[in-house]
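**Student:** Handing you a structure now.
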Amino acid sequence: MTVSEDMLQDEFETPAARRMRLVEKYGVFAVVILMIVVLSILEPDIFPTTQNLTNVLRQVAMNALLALGLYIVIMTAGIDLSVGSIMALATMLLAMADTGGLPWPLALFIGPLVGIACGAVNGLGLTVLRLPHPFIMTLGTLYSIRGITNLVSGGRPVSGVSPEVRFLGSGEIPLPFLGEFASFPVSALVVLVCYGGVAYFINKVSLGRHIVAVGGNPQAARVSGINVDRVLLIVYCLSGFFAGLAALLMAGRTGAGFPNAGIGAELDAIAAVIIGGASFFGGRGTVLGVFAGVLVMGLLRNGLNLMDVSAFWQQTMIGMIVVGAVYVDVLRRRAGAAS
Amino acid sequence: MTAADTPLLEMRGITKRFGAITALDHVDLRLYPGEVLGVVGDNGAGKSTLMKVLSGLYAANVGEISFDGNPVRLDSPRDAQDIGIEMVYQDLALAGNLPVYENIYLGREPGRQRFGFKIVDRKLSRRMAKGHLDRLHINVKSVDQKVEELSGGQAQAVAIARATAFDARLVIMDEPTAALAIKEVGKVLDLIKRLRDQGTSVILISHRMDDVFFVCDRVMALFHGRNFEESEIVNTSRNEVIGWIMGTKGHTETLAHDRL
């Protein structure tokens, strides 16, 4: 017996579908390169300098980490609205502990641990309370964690974070061969390590593949013997972890904990993930794409700042880019359905 | 009593309630090694529920299951898989965003353990998938093809490949031919016969009498969540089985269905 060719014949991709697939896969990188070229032409004296380019990396570091966490969540067709609040609480507790005399090697762990704890609350709300959608649970924690941040701090910033704790967020690695003041930010190094780690985790580790499978079809994952609730719990803990790590960078950058830090940061992170080509419906998207999405937002802000364009235009344009990026996804689906 | 007379699987008094609804009411089922059992019944008779209890997806409220003569607890699909019970779901339960080979080994990826994580060996996984599909005489262009790009028959073949990838003792198939083009049906039925020839027991849920009488050794009918009737396939007829599905015994000649 043969389950033969006609049962399993290839379905040829239409040219339109192939074009859209290429746009989906590489379009965001084309945008990054286009922006770099255009900005280099418009601001040849400032934009392409080492100083300015490393500045872009400094500026995007926190959004990059939040977006990385949200990427993992969005891969499962979920959402985490609480990462801005988690970052604020983690920064605040970190600053309070550090200025309160906790030895710095221990203080370093406070940000990530607070993040994981908050993420666990989100994950348990989803899997134990069985709330219908992570939007609800993380909307709740967006408010509650912000409230707790204000309660523990009395709504006042705490400054004076020690230099050791600030190193990851504000340290610089000198690059003397690129000029006297050239240096590479430690925070960017942290970001690159995290992106490399998550890319490896998602693509090579079985748990990472299970996350992708849950995003594709949770029922398929369940009947394949995957504990879907456990996967989701881990996913929200990871999102919290990266928010906590972002808190560490923020405390380093500013030297203080601000109770209003990171308001709206979750939306920037979601925008970066979507611009980077990840599907809101889960199961689709790459770590590299998310990094490109983060860069698109960072370059846009940087370029418009250099050209003295008002911040209001930045908001307007980021909104249009988000819509455009998702429209590309819609076109791809339509082309795929027509084939 | 010879070994062949010892049932591979015995389900006794399985009762499953969903709130006020009793989907299964003290249902018994026996299955012998290498046997193909057809389970028939009208919509809502409890066929799928019974199979989901057996595959570990639902927990029965009452009842016992023994496999290979030993009592077993099936609290999750993993428990069932561990003792060699696999199920091909009616909706196939494949992850469309993943390639063929990853779907076949989803949850049981080959790889090596490192620091508590399993690093997937994709190369080995691809090779294993190719070898397994070859053994089942299933041809795919590439095991890297995403499942969402496959036709219904292709996806069905992948689902069956997944169910048989780990030397299953029992494969449950829930309406495997319902969504297929006619020319694909025969291939799936041949695949079932091939499994039986290799010594695997099969439970086939089907509405199609042609399927049941083509591949099954025995047929049992459920009606309103209860055992209704069962028989060796050689001792019954299509009309009689259709009568059981509708809850009647013995007077099939008078059924409207037969006059059509």
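Letters A, B, ... mark the chains of the structure tokens in the order given; residue numbers begin at 1 per chain; ligand numbers begin at 1, in order shown.
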May I ask you to extract the residues of chain B within 7 Å of chain A, using only C-alpha atoms, and to give them as a count of residues only?

**Tutor:** 24

**Student:** Write out as number ranges by chain each polymer residue whose atoms come within 9 Å of A:Gly155, counting only C-alpha atoms; drop sequence neighbours fewer than 4 positions from it.

**Tutor:** A: 149-151, 258-260

**Student:** Based on DSSP run over this structure's backbone, return all residues of stretch 140-206 of chain A in strand (DSSP E or B), as a PyMOL selection string.

**Tutor:** chain A and resi 158-159+172-174+183-185+205

**Student:** Take the residues from that selection and write them out as an mmCIF file, in the first residue's frame, keeping N, CA, C and O atoms.

**Tutor:**
data_model
loop_
_atom_site.group_PDB
_atom_site.id
_atom_site.type_symbol
_atom_site.label_atom_id
_atom_site.label_comp_id
_atom_site.auth_asym_id
_atom_site.auth_seq_id
_atom_site.Cartn_x
_atom_site.Cartn_y
_atom_site.Cartn_z
ATOM 1 N N VAL A 158 13.337 57.303 44.873
ATOM 2 C CA VAL A 158 14.440 56.968 45.778
ATOM 3 C C VAL A 158 15.720 57.038 44.957
ATOM 4 O O VAL A 158 15.865 56.322 43.973
ATOM 5 N N SER A 159 16.642 57.914 45.337
ATOM 6 C CA SER A 159 17.868 58.052 44.549
ATOM 7 C C SER A 159 19.072 57.590 45.359
ATOM 8 O O SER A 159 18.952 57.247 46.536
ATOM 9 N N GLU A 172 30.352 51.467 30.674
ATOM 10 C CA GLU A 172 30.790 51.626 29.282
ATOM 11 C C GLU A 172 32.075 50.832 29.075
ATOM 12 O O GLU A 172 32.959 50.823 29.927
ATOM 13 N N ILE A 173 32.142 50.151 27.943
ATOM 14 C CA ILE A 173 33.373 49.450 27.580
ATOM 15 C C ILE A 173 34.112 50.347 26.580
ATOM 16 O O ILE A 173 33.580 50.602 25.499
ATOM 17 N N PRO A 174 35.304 50.843 26.943
ATOM 18 C CA PRO A 174 35.992 51.765 26.036
ATOM 19 C C PRO A 174 36.366 51.092 24.724
ATOM 20 O O PRO A 174 36.733 49.911 24.706
ATOM 21 N N SER A 183 32.852 54.374 23.130
ATOM 22 C CA SER A 183 32.691 53.257 24.055
ATOM 23 C C SER A 183 31.398 52.529 23.736
ATOM 24 O O SER A 183 30.495 53.086 23.097
ATOM 25 N N PHE A 184 31.354 51.271 24.180
ATOM 26 C CA PHE A 184 30.172 50.451 23.926
ATOM 27 C C PHE A 184 29.425 50.258 25.234
ATOM 28 O O PHE A 184 30.019 49.863 26.243
ATOM 29 N N PRO A 185 28.124 50.546 25.264
ATOM 30 C CA PRO A 185 27.392 50.461 26.533
ATOM 31 C C PRO A 185 27.229 49.013 27.010
ATOM 32 O O PRO A 185 26.910 48.129 26.215
ATOM 33 N N VAL A 205 15.721 24.534 22.242
ATOM 34 C CA VAL A 205 15.340 23.838 23.472
ATOM 35 C C VAL A 205 13.905 23.340 23.342
ATOM 36 O O VAL A 205 13.052 24.039 22.784
#

**Student:** Just the number, please: distance in Å from atom CA of B:Asp144 to atom CA of A:Val28, one decimal.

**Tutor:** 24.4 Å

**Student:** Find the residues near B:Leu92: any atom within 12 Å, counting only C-alpha atoms, skip ones fewer than 3 places away on the same chain, and give them as a ChimeraX atom specification.

**Tutor:** /A:217,219-221,223-224 /B:87-89,95-96,103-104,147-148,152-163,172-179
